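*Asks:* My structure file start-v8.cif, mmCIF, N, CA and C atoms, is below:
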```
data_final
#
loop_
_atom_site.label_atom_id
_atom_site.label_comp_id
_atom_site.auth_asym_id
_atom_site.auth_seq_id
_atom_site.Cartn_x
_atom_site.Cartn_y
_atom_site.Cartn_z
N MET A 1286 63.64 86.10 59.69
CA MET A 1286 63.72 87.13 58.67
C MET A 1286 63.58 86.45 57.30
N ILE A 1287 62.89 87.11 56.39
CA ILE A 1287 62.70 86.66 55.02
C ILE A 1287 63.58 87.49 54.10
N ALA A 1288 64.27 86.81 53.18
CA ALA A 1288 65.05 87.49 52.14
C ALA A 1288 64.29 87.36 50.83
N VAL A 1289 64.52 88.30 49.94
CA VAL A 1289 63.86 88.32 48.64
C VAL A 1289 64.91 88.14 47.55
N ASP A 1290 64.66 87.19 46.65
CA ASP A 1290 65.59 86.88 45.57
C ASP A 1290 65.35 87.80 44.37
N THR A 1291 66.30 87.79 43.47
CA THR A 1291 66.28 88.65 42.29
C THR A 1291 65.01 88.56 41.48
N ASN A 1292 64.53 87.33 41.25
CA ASN A 1292 63.39 87.19 40.36
C ASN A 1292 62.15 87.92 40.88
N LEU A 1293 61.92 87.92 42.17
CA LEU A 1293 60.79 88.67 42.71
C LEU A 1293 60.99 90.17 42.54
N LEU A 1294 62.22 90.63 42.71
CA LEU A 1294 62.50 92.06 42.52
C LEU A 1294 62.24 92.46 41.08
N VAL A 1295 62.69 91.64 40.13
CA VAL A 1295 62.47 91.94 38.71
C VAL A 1295 60.99 91.94 38.39
N TYR A 1296 60.27 90.93 38.82
CA TYR A 1296 58.84 90.85 38.54
C TYR A 1296 58.08 92.02 39.17
N ALA A 1297 58.47 92.40 40.37
CA ALA A 1297 57.79 93.52 41.04
C ALA A 1297 58.04 94.83 40.31
N HIS A 1298 59.21 94.97 39.74
CA HIS A 1298 59.59 96.21 39.05
C HIS A 1298 59.01 96.30 37.64
N ARG A 1299 59.09 95.21 36.90
CA ARG A 1299 58.69 95.23 35.49
C ARG A 1299 57.19 95.00 35.37
N GLU A 1300 56.46 96.02 34.98
CA GLU A 1300 55.01 95.92 34.83
C GLU A 1300 54.61 94.94 33.73
N ASP A 1301 55.51 94.64 32.81
CA ASP A 1301 55.21 93.70 31.74
C ASP A 1301 55.51 92.24 32.13
N ALA A 1302 55.95 92.02 33.34
CA ALA A 1302 56.22 90.66 33.82
C ALA A 1302 54.91 89.96 34.16
N ALA A 1303 54.83 88.69 33.82
CA ALA A 1303 53.60 87.92 34.06
C ALA A 1303 53.22 87.89 35.55
N TRP A 1304 54.18 87.88 36.43
CA TRP A 1304 53.94 87.80 37.87
C TRP A 1304 54.01 89.16 38.56
N HIS A 1305 53.91 90.24 37.80
CA HIS A 1305 54.11 91.58 38.36
C HIS A 1305 53.21 91.87 39.56
N ASP A 1306 51.91 91.71 39.42
CA ASP A 1306 50.99 92.10 40.49
C ASP A 1306 51.27 91.32 41.78
N LYS A 1307 51.45 90.02 41.65
CA LYS A 1307 51.69 89.18 42.83
C LYS A 1307 53.04 89.52 43.47
N ALA A 1308 54.08 89.68 42.64
CA ALA A 1308 55.41 90.00 43.17
C ALA A 1308 55.40 91.38 43.83
N CYS A 1309 54.72 92.32 43.21
CA CYS A 1309 54.63 93.68 43.77
C CYS A 1309 53.97 93.63 45.15
N ALA A 1310 52.91 92.84 45.27
CA ALA A 1310 52.22 92.71 46.56
C ALA A 1310 53.13 92.07 47.61
N CYS A 1311 53.92 91.09 47.21
CA CYS A 1311 54.85 90.44 48.15
C CYS A 1311 55.90 91.41 48.66
N ILE A 1312 56.48 92.18 47.76
CA ILE A 1312 57.51 93.15 48.15
C ILE A 1312 56.89 94.24 49.02
N LYS A 1313 55.71 94.71 48.65
CA LYS A 1313 55.02 95.74 49.43
C LYS A 1313 54.73 95.25 50.84
N GLN A 1314 54.30 93.99 50.95
CA GLN A 1314 54.02 93.40 52.26
C GLN A 1314 55.26 93.46 53.16
N GLN A 1315 56.40 93.11 52.60
CA GLN A 1315 57.64 93.15 53.37
C GLN A 1315 58.06 94.58 53.68
N ALA A 1316 58.04 95.43 52.67
CA ALA A 1316 58.54 96.81 52.82
C ALA A 1316 57.71 97.63 53.79
N GLU A 1317 56.41 97.35 53.86
CA GLU A 1317 55.54 98.13 54.75
C GLU A 1317 55.34 97.46 56.10
N GLY A 1318 55.89 96.27 56.28
CA GLY A 1318 55.76 95.58 57.55
C GLY A 1318 56.78 96.05 58.57
N VAL A 1319 56.61 95.59 59.78
CA VAL A 1319 57.54 95.97 60.85
C VAL A 1319 58.64 94.93 61.06
N ALA A 1320 58.40 93.71 60.59
CA ALA A 1320 59.41 92.66 60.74
C ALA A 1320 60.57 92.92 59.78
N PRO A 1321 61.78 92.64 60.22
CA PRO A 1321 62.93 92.80 59.32
C PRO A 1321 62.80 91.87 58.11
N TRP A 1322 63.21 92.37 56.97
CA TRP A 1322 63.28 91.59 55.74
C TRP A 1322 64.59 91.94 55.08
N ALA A 1323 65.02 91.15 54.11
CA ALA A 1323 66.37 91.34 53.58
C ALA A 1323 66.42 91.22 52.06
N ILE A 1324 67.40 91.92 51.50
CA ILE A 1324 67.78 91.75 50.11
C ILE A 1324 69.30 91.58 50.10
N PRO A 1325 69.78 90.45 49.59
CA PRO A 1325 71.23 90.30 49.45
C PRO A 1325 71.76 91.24 48.36
N TRP A 1326 72.91 91.87 48.59
CA TRP A 1326 73.49 92.78 47.60
C TRP A 1326 73.66 92.13 46.23
N PRO A 1327 74.06 90.85 46.13
CA PRO A 1327 74.16 90.25 44.80
C PRO A 1327 72.83 90.26 44.03
N CYS A 1328 71.72 90.24 44.75
CA CYS A 1328 70.41 90.30 44.08
C CYS A 1328 70.15 91.69 43.51
N ILE A 1329 70.65 92.71 44.16
CA ILE A 1329 70.54 94.07 43.62
C ILE A 1329 71.37 94.18 42.34
N HIS A 1330 72.59 93.64 42.36
CA HIS A 1330 73.45 93.67 41.18
C HIS A 1330 72.77 92.94 40.02
N GLU A 1331 72.24 91.76 40.30
CA GLU A 1331 71.59 90.96 39.27
C GLU A 1331 70.31 91.63 38.77
N PHE A 1332 69.53 92.21 39.69
CA PHE A 1332 68.33 92.95 39.30
C PHE A 1332 68.67 94.02 38.28
N PHE A 1333 69.68 94.82 38.60
CA PHE A 1333 70.07 95.92 37.71
C PHE A 1333 70.52 95.38 36.36
N ALA A 1334 71.31 94.32 36.37
CA ALA A 1334 71.81 93.72 35.12
C ALA A 1334 70.67 93.19 34.26
N ILE A 1335 69.65 92.62 34.87
CA ILE A 1335 68.54 92.04 34.11
C ILE A 1335 67.62 93.11 33.55
N VAL A 1336 67.15 94.01 34.41
CA VAL A 1336 66.12 94.96 33.94
C VAL A 1336 66.65 95.98 32.95
N THR A 1337 67.96 96.21 32.95
CA THR A 1337 68.53 97.18 32.02
C THR A 1337 69.10 96.52 30.75
N HIS A 1338 68.98 95.22 30.65
CA HIS A 1338 69.57 94.49 29.52
C HIS A 1338 68.64 94.51 28.30
N PRO A 1339 69.09 95.07 27.18
CA PRO A 1339 68.22 95.20 26.01
C PRO A 1339 67.88 93.88 25.32
N ARG A 1340 68.62 92.82 25.62
CA ARG A 1340 68.29 91.53 25.04
C ARG A 1340 67.29 90.75 25.89
N ILE A 1341 67.06 91.23 27.09
CA ILE A 1341 66.08 90.59 27.98
C ILE A 1341 64.75 91.33 27.92
N TYR A 1342 64.81 92.65 27.98
CA TYR A 1342 63.58 93.46 27.94
C TYR A 1342 63.66 94.48 26.81
N SER A 1343 62.57 94.61 26.10
CA SER A 1343 62.48 95.60 25.04
C SER A 1343 61.21 96.42 25.25
N PRO A 1344 61.34 97.63 25.70
CA PRO A 1344 62.59 98.33 26.00
C PRO A 1344 63.09 97.96 27.39
N PRO A 1345 64.39 98.05 27.59
CA PRO A 1345 64.93 97.83 28.93
C PRO A 1345 64.58 98.99 29.85
N THR A 1346 64.67 98.74 31.13
CA THR A 1346 64.49 99.82 32.10
C THR A 1346 65.67 100.77 32.00
N PRO A 1347 65.44 102.07 31.88
CA PRO A 1347 66.57 103.01 31.89
C PRO A 1347 67.32 102.92 33.22
N ALA A 1348 68.62 103.13 33.17
CA ALA A 1348 69.45 103.00 34.37
C ALA A 1348 68.96 103.87 35.51
N ASP A 1349 68.57 105.11 35.23
CA ASP A 1349 68.13 105.99 36.31
C ASP A 1349 66.85 105.47 36.96
N ARG A 1350 65.98 104.86 36.17
CA ARG A 1350 64.74 104.29 36.74
C ARG A 1350 65.04 103.07 37.60
N ALA A 1351 65.98 102.23 37.17
CA ALA A 1351 66.37 101.07 37.96
C ALA A 1351 66.99 101.50 39.29
N VAL A 1352 67.81 102.55 39.24
CA VAL A 1352 68.42 103.10 40.46
C VAL A 1352 67.34 103.64 41.39
N GLU A 1353 66.37 104.35 40.84
CA GLU A 1353 65.26 104.87 41.64
C GLU A 1353 64.49 103.73 42.33
N GLN A 1354 64.32 102.61 41.61
CA GLN A 1354 63.62 101.47 42.20
C GLN A 1354 64.38 100.92 43.40
N VAL A 1355 65.69 100.76 43.24
CA VAL A 1355 66.50 100.26 44.36
C VAL A 1355 66.44 101.25 45.52
N ASP A 1356 66.53 102.53 45.23
CA ASP A 1356 66.43 103.55 46.29
C ASP A 1356 65.09 103.46 47.02
N ALA A 1357 64.03 103.20 46.28
CA ALA A 1357 62.69 103.09 46.90
C ALA A 1357 62.64 101.89 47.85
N TRP A 1358 63.17 100.75 47.42
CA TRP A 1358 63.19 99.59 48.33
C TRP A 1358 64.02 99.88 49.56
N ARG A 1359 65.14 100.57 49.38
CA ARG A 1359 66.04 100.85 50.50
C ARG A 1359 65.44 101.84 51.51
N GLU A 1360 64.38 102.52 51.12
CA GLU A 1360 63.70 103.43 52.04
C GLU A 1360 62.89 102.68 53.10
N SER A 1361 62.64 101.41 52.89
CA SER A 1361 61.90 100.62 53.88
C SER A 1361 62.71 100.56 55.17
N PRO A 1362 62.14 101.06 56.28
CA PRO A 1362 62.91 101.08 57.53
C PRO A 1362 63.22 99.68 58.08
N SER A 1363 62.51 98.67 57.62
CA SER A 1363 62.75 97.32 58.13
C SER A 1363 63.67 96.49 57.23
N LEU A 1364 64.17 97.09 56.13
CA LEU A 1364 65.03 96.37 55.20
C LEU A 1364 66.45 96.25 55.73
N VAL A 1365 67.00 95.05 55.58
CA VAL A 1365 68.39 94.76 55.92
C VAL A 1365 69.07 94.33 54.61
N MET A 1366 70.14 95.01 54.25
CA MET A 1366 70.91 94.65 53.06
C MET A 1366 72.00 93.67 53.49
N LEU A 1367 72.09 92.53 52.81
CA LEU A 1367 73.01 91.48 53.20
C LEU A 1367 74.28 91.49 52.35
N GLY A 1368 75.41 91.57 53.03
CA GLY A 1368 76.70 91.51 52.36
C GLY A 1368 77.64 90.58 53.10
N GLU A 1369 78.73 90.23 52.46
CA GLU A 1369 79.70 89.33 53.05
C GLU A 1369 80.38 89.97 54.26
N ALA A 1370 80.54 89.16 55.30
CA ALA A 1370 81.29 89.57 56.48
C ALA A 1370 82.39 88.53 56.72
N GLN A 1371 83.14 88.69 57.77
CA GLN A 1371 84.31 87.85 58.05
C GLN A 1371 83.98 86.36 58.06
N ASP A 1372 82.81 85.96 58.56
CA ASP A 1372 82.48 84.54 58.68
C ASP A 1372 81.68 84.00 57.48
N TYR A 1373 81.74 84.68 56.35
CA TYR A 1373 81.00 84.28 55.16
C TYR A 1373 81.53 82.99 54.53
N TRP A 1374 82.84 82.88 54.37
CA TRP A 1374 83.42 81.76 53.65
C TRP A 1374 83.00 80.39 54.17
N PRO A 1375 82.98 80.12 55.47
CA PRO A 1375 82.56 78.79 55.93
C PRO A 1375 81.14 78.42 55.47
N HIS A 1376 80.26 79.40 55.42
CA HIS A 1376 78.89 79.14 54.96
C HIS A 1376 78.88 78.78 53.47
N LEU A 1377 79.57 79.57 52.66
CA LEU A 1377 79.62 79.31 51.23
C LEU A 1377 80.33 77.98 50.95
N ARG A 1378 81.42 77.75 51.63
CA ARG A 1378 82.17 76.51 51.45
C ARG A 1378 81.30 75.29 51.71
N ALA A 1379 80.57 75.30 52.80
CA ALA A 1379 79.70 74.17 53.15
C ALA A 1379 78.62 73.95 52.09
N LEU A 1380 78.01 75.02 51.63
CA LEU A 1380 76.96 74.88 50.61
C LEU A 1380 77.52 74.34 49.30
N ILE A 1381 78.69 74.82 48.92
CA ILE A 1381 79.31 74.35 47.67
C ILE A 1381 79.66 72.86 47.76
N LEU A 1382 80.28 72.46 48.85
CA LEU A 1382 80.69 71.07 48.98
C LEU A 1382 79.51 70.13 49.20
N ASN A 1383 78.59 70.50 50.08
CA ASN A 1383 77.45 69.63 50.38
C ASN A 1383 76.45 69.52 49.23
N GLY A 1384 76.32 70.60 48.46
CA GLY A 1384 75.37 70.59 47.35
C GLY A 1384 76.00 70.24 46.02
N ARG A 1385 77.31 69.94 46.04
CA ARG A 1385 78.04 69.65 44.79
C ARG A 1385 77.79 70.75 43.76
N ILE A 1386 78.05 71.97 44.18
CA ILE A 1386 77.77 73.16 43.38
C ILE A 1386 78.97 73.49 42.50
N ALA A 1387 78.66 73.87 41.25
CA ALA A 1387 79.69 74.32 40.32
C ALA A 1387 79.03 75.24 39.30
N GLY A 1388 79.85 75.94 38.55
CA GLY A 1388 79.34 76.78 37.46
C GLY A 1388 78.38 77.86 37.94
N PRO A 1389 77.33 78.09 37.16
CA PRO A 1389 76.40 79.18 37.48
C PRO A 1389 75.68 79.03 38.82
N MET A 1390 75.62 77.81 39.35
CA MET A 1390 74.96 77.60 40.64
C MET A 1390 75.70 78.28 41.79
N VAL A 1391 76.96 78.65 41.57
CA VAL A 1391 77.73 79.33 42.61
C VAL A 1391 77.05 80.65 43.00
N HIS A 1392 76.44 81.33 42.03
CA HIS A 1392 75.75 82.59 42.34
C HIS A 1392 74.62 82.35 43.34
N ASP A 1393 73.81 81.33 43.12
CA ASP A 1393 72.73 81.01 44.07
C ASP A 1393 73.30 80.59 45.42
N ALA A 1394 74.39 79.83 45.39
CA ALA A 1394 75.03 79.43 46.66
C ALA A 1394 75.51 80.66 47.42
N ARG A 1395 76.00 81.64 46.70
CA ARG A 1395 76.46 82.89 47.33
C ARG A 1395 75.29 83.57 48.05
N ILE A 1396 74.17 83.65 47.39
CA ILE A 1396 72.99 84.28 47.99
C ILE A 1396 72.53 83.49 49.21
N ALA A 1397 72.47 82.16 49.07
CA ALA A 1397 72.06 81.32 50.20
C ALA A 1397 73.03 81.46 51.36
N ALA A 1398 74.33 81.49 51.09
CA ALA A 1398 75.33 81.64 52.15
C ALA A 1398 75.19 82.98 52.87
N LEU A 1399 74.93 84.04 52.11
CA LEU A 1399 74.70 85.36 52.73
C LEU A 1399 73.50 85.32 53.67
N CYS A 1400 72.44 84.68 53.20
CA CYS A 1400 71.23 84.59 54.02
C CYS A 1400 71.50 83.82 55.30
N ILE A 1401 72.14 82.68 55.18
CA ILE A 1401 72.45 81.85 56.35
C ILE A 1401 73.36 82.60 57.31
N GLN A 1402 74.38 83.27 56.77
CA GLN A 1402 75.33 84.04 57.59
C GLN A 1402 74.59 85.08 58.43
N HIS A 1403 73.56 85.69 57.87
CA HIS A 1403 72.83 86.76 58.55
C HIS A 1403 71.58 86.29 59.28
N GLY A 1404 71.39 84.99 59.41
CA GLY A 1404 70.28 84.45 60.19
C GLY A 1404 68.94 84.45 59.48
N VAL A 1405 68.94 84.57 58.17
CA VAL A 1405 67.69 84.51 57.41
C VAL A 1405 67.21 83.07 57.39
N GLN A 1406 65.95 82.86 57.73
CA GLN A 1406 65.40 81.51 57.76
C GLN A 1406 64.75 81.11 56.45
N GLU A 1407 64.29 82.09 55.66
CA GLU A 1407 63.51 81.80 54.46
C GLU A 1407 63.87 82.78 53.35
N ILE A 1408 63.94 82.26 52.12
CA ILE A 1408 64.13 83.13 50.97
C ILE A 1408 62.93 82.96 50.05
N TRP A 1409 62.37 84.09 49.66
CA TRP A 1409 61.28 84.08 48.69
C TRP A 1409 61.90 84.13 47.30
N THR A 1410 61.63 83.10 46.52
CA THR A 1410 62.23 82.98 45.20
C THR A 1410 61.35 82.12 44.30
N ALA A 1411 61.42 82.36 43.01
CA ALA A 1411 60.76 81.51 42.03
C ALA A 1411 61.76 80.52 41.44
N ASP A 1412 62.97 80.50 41.96
CA ASP A 1412 64.04 79.64 41.48
C ASP A 1412 64.07 78.36 42.32
N ARG A 1413 63.73 77.23 41.70
CA ARG A 1413 63.68 75.95 42.41
C ARG A 1413 65.06 75.47 42.84
N ASP A 1414 66.12 76.01 42.27
CA ASP A 1414 67.47 75.58 42.62
C ASP A 1414 67.81 75.83 44.09
N PHE A 1415 67.13 76.77 44.72
CA PHE A 1415 67.44 77.08 46.12
C PHE A 1415 67.05 75.93 47.04
N GLY A 1416 66.24 75.00 46.58
CA GLY A 1416 65.90 73.82 47.36
C GLY A 1416 67.10 72.93 47.63
N ARG A 1417 68.19 73.13 46.90
CA ARG A 1417 69.41 72.34 47.07
C ARG A 1417 70.20 72.73 48.31
N PHE A 1418 69.89 73.86 48.90
CA PHE A 1418 70.72 74.38 49.98
C PHE A 1418 70.08 74.11 51.34
N SER A 1419 70.82 73.39 52.18
CA SER A 1419 70.32 73.16 53.54
C SER A 1419 70.60 74.40 54.38
N GLY A 1420 69.76 74.63 55.34
CA GLY A 1420 69.95 75.76 56.25
C GLY A 1420 69.07 76.96 55.93
N ILE A 1421 68.34 76.89 54.82
CA ILE A 1421 67.42 77.97 54.47
C ILE A 1421 66.24 77.37 53.71
N LEU A 1422 65.05 77.82 54.06
CA LEU A 1422 63.83 77.38 53.40
C LEU A 1422 63.57 78.25 52.18
N ALA A 1423 63.41 77.62 51.03
CA ALA A 1423 63.06 78.34 49.80
C ALA A 1423 61.54 78.25 49.62
N ASN A 1424 60.91 79.40 49.45
CA ASN A 1424 59.46 79.47 49.31
C ASN A 1424 59.12 80.35 48.11
N ASN A 1425 58.24 79.88 47.26
CA ASN A 1425 57.77 80.67 46.13
C ASN A 1425 56.41 81.28 46.49
N PRO A 1426 56.37 82.55 46.88
CA PRO A 1426 55.12 83.17 47.29
C PRO A 1426 54.22 83.52 46.11
N LEU A 1427 54.70 83.30 44.90
CA LEU A 1427 53.90 83.63 43.71
C LEU A 1427 52.91 82.51 43.37
N LEU A 1428 53.13 81.33 43.92
CA LEU A 1428 52.24 80.20 43.62
C LEU A 1428 51.11 80.09 44.62
#
```
Could I get this structure in the form of structure tokens?
*Replies:*
Amino acid sequence: MIAVDTNLLVYAHREDAAWHDKACACIKQQAEGVAPWAIPWPCIHEFFAIVTHPRIYSPPTPADRAVEQVDAWRESPSLVMLGEAQDYWPHLRALILNGRIAGPMVHDARIAALCIQHGVQEIWTADRDFGRFSGILANNPLL
């Protein structure tokens, strides 16, 4: 299963993003495919925070439009939303200790731990920091 990181979601949504067309095609490929694909819940939270932030985008995406976008992705019958379950902590703990993670990197470790917990083998991301986490392959499909 492939998971999609926040940056691809933002680029696919924001038509003014430099990588919009490529990211949109990547998300469409997953959403219209039959193979399961995933979005970690923290990526949805971060997506909403980024696209609606007036200091990041001018104009920002209106909240109702951002909600509609998330609803549209969730309509994909093959989408799996990833959240913490009982065995989440050992995965996060291992990533934090093995990768010497601290500060803002904890957010990425959280996403990686969710993916590993749910059996995701690959995360599509433009964030090179995911290469620090063993147990999941980070791939940038935009390049």
*Asks:* Please identify all polymer residues within 6.5 Å of range 1335-1337 of chain A, counting all atoms listed in the file, omitting same-chain residues fewer than 5 positions from it, and present them as a list in words.
*Replies:*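 Residues near the query, excluding close chain neighbours: His1330, Tyr1342, Pro1345, Thr1346, Pro1347 and Ala1348 of chain A.
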*Asks:* Hey, which of A:Trp1409, A:Phe1415, A:Trp1374, A:Trp1326 ends up closest to Asn1292 in chain A? Count all atoms listed in the file.
*Replies:*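 Among the listed residues, A:Trp1409 lies closest to Asn1292 in chain A.
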*Asks:* DSSP says strand (DSSP E or B) for which residues of chain A? Put them as a CSV table (one decimal) with N, CA and C atoms, keeping the file's coordinate frame?
*Replies:*
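Final output, part_9.csv:
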```
chain,number,residue,atom,x,y,z
A,1287,ILE,N,62.9,87.1,56.4
A,1287,ILE,CA,62.7,86.7,55.0
A,1287,ILE,C,63.6,87.5,54.1
A,1288,ALA,N,64.3,86.8,53.2
A,1288,ALA,CA,65.0,87.5,52.1
A,1288,ALA,C,64.3,87.4,50.8
A,1289,VAL,N,64.5,88.3,49.9
A,1289,VAL,CA,63.9,88.3,48.6
A,1289,VAL,C,64.9,88.1,47.6
A,1322,TRP,N,63.2,92.4,57.0
A,1322,TRP,CA,63.3,91.6,55.7
A,1322,TRP,C,64.6,91.9,55.1
A,1323,ALA,N,65.0,91.2,54.1
A,1323,ALA,CA,66.4,91.3,53.6
A,1323,ALA,C,66.4,91.2,52.1
A,1324,ILE,N,67.4,91.9,51.5
A,1324,ILE,CA,67.8,91.8,50.1
A,1324,ILE,C,69.3,91.6,50.1
A,1325,PRO,N,69.8,90.4,49.6
A,1325,PRO,CA,71.2,90.3,49.4
A,1325,PRO,C,71.8,91.2,48.4
A,1364,LEU,N,64.2,97.1,56.1
A,1364,LEU,CA,65.0,96.4,55.2
A,1364,LEU,C,66.4,96.2,55.7
A,1365,VAL,N,67.0,95.0,55.6
A,1365,VAL,CA,68.4,94.8,55.9
A,1365,VAL,C,69.1,94.3,54.6
A,1366,MET,N,70.1,95.0,54.2
A,1366,MET,CA,70.9,94.6,53.1
A,1366,MET,C,72.0,93.7,53.5
A,1367,LEU,N,72.1,92.5,52.8
A,1367,LEU,CA,73.0,91.5,53.2
A,1367,LEU,C,74.3,91.5,52.4
A,1407,GLU,N,64.3,82.1,55.7
A,1407,GLU,CA,63.5,81.8,54.5
A,1407,GLU,C,63.9,82.8,53.4
A,1408,ILE,N,63.9,82.3,52.1
A,1408,ILE,CA,64.1,83.1,51.0
A,1408,ILE,C,62.9,83.0,50.0
A,1409,TRP,N,62.4,84.1,49.7
A,1409,TRP,CA,61.3,84.1,48.7
A,1409,TRP,C,61.9,84.1,47.3
A,1422,LEU,N,65.0,77.8,54.1
A,1422,LEU,CA,63.8,77.4,53.4
A,1422,LEU,C,63.6,78.2,52.2
A,1423,ALA,N,63.4,77.6,51.0
A,1423,ALA,CA,63.1,78.3,49.8
A,1423,ALA,C,61.5,78.2,49.6
A,1424,ASN,N,60.9,79.4,49.4
A,1424,ASN,CA,59.5,79.5,49.3
A,1424,ASN,C,59.1,80.4,48.1
```
*Asks:* Please indicate the distance in Å from atom N of Ala1302 in chain A to CA of Val1405 in chain A, rounded to one decimal place.
*Replies:*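 So the two atoms, atom N of Ala1302 in chain A and CA of Val1405 in chain A, lie 27.8 Å apart.
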*Asks:* Hey, which of A:Met1286, A:His1376, A:Ala1308, A:Ile1341 ends up closest to Leu1428 in chain A? Count only C-alpha atoms.
*Replies:*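 Distance minimum relative to Leu1428 in chain A lands on A:Ala1308.
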*Asks:* Pick the closest to Leu1399 in chain A from A:Pro1339, A:Arg1359, A:Leu1382, A:Leu1377: which is it, counting all atoms listed in the file?
*Replies:*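 Looking at the shortest contact to Leu1399 in chain A, the residue is A:Leu1377.
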*Asks:* Given the choices A:Ala1320, A:Ala1351, A:Phe1418, A:His1305, which gets closest to Phe1333 in chain A if the distance is worked out from only N, CA and C atoms?
*Replies:*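 Smallest distance to Phe1333 in chain A is found for A:Ala1351.
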*Asks:* Out of range 1290-1426 of chain A, which residues get alpha helix (DSSP H) from DSSP, as a ChimeraX atom specification?
*Replies:* /A:1291-1298,1305-1317,1326-1336,1348-1359,1373-1383,1390-1402
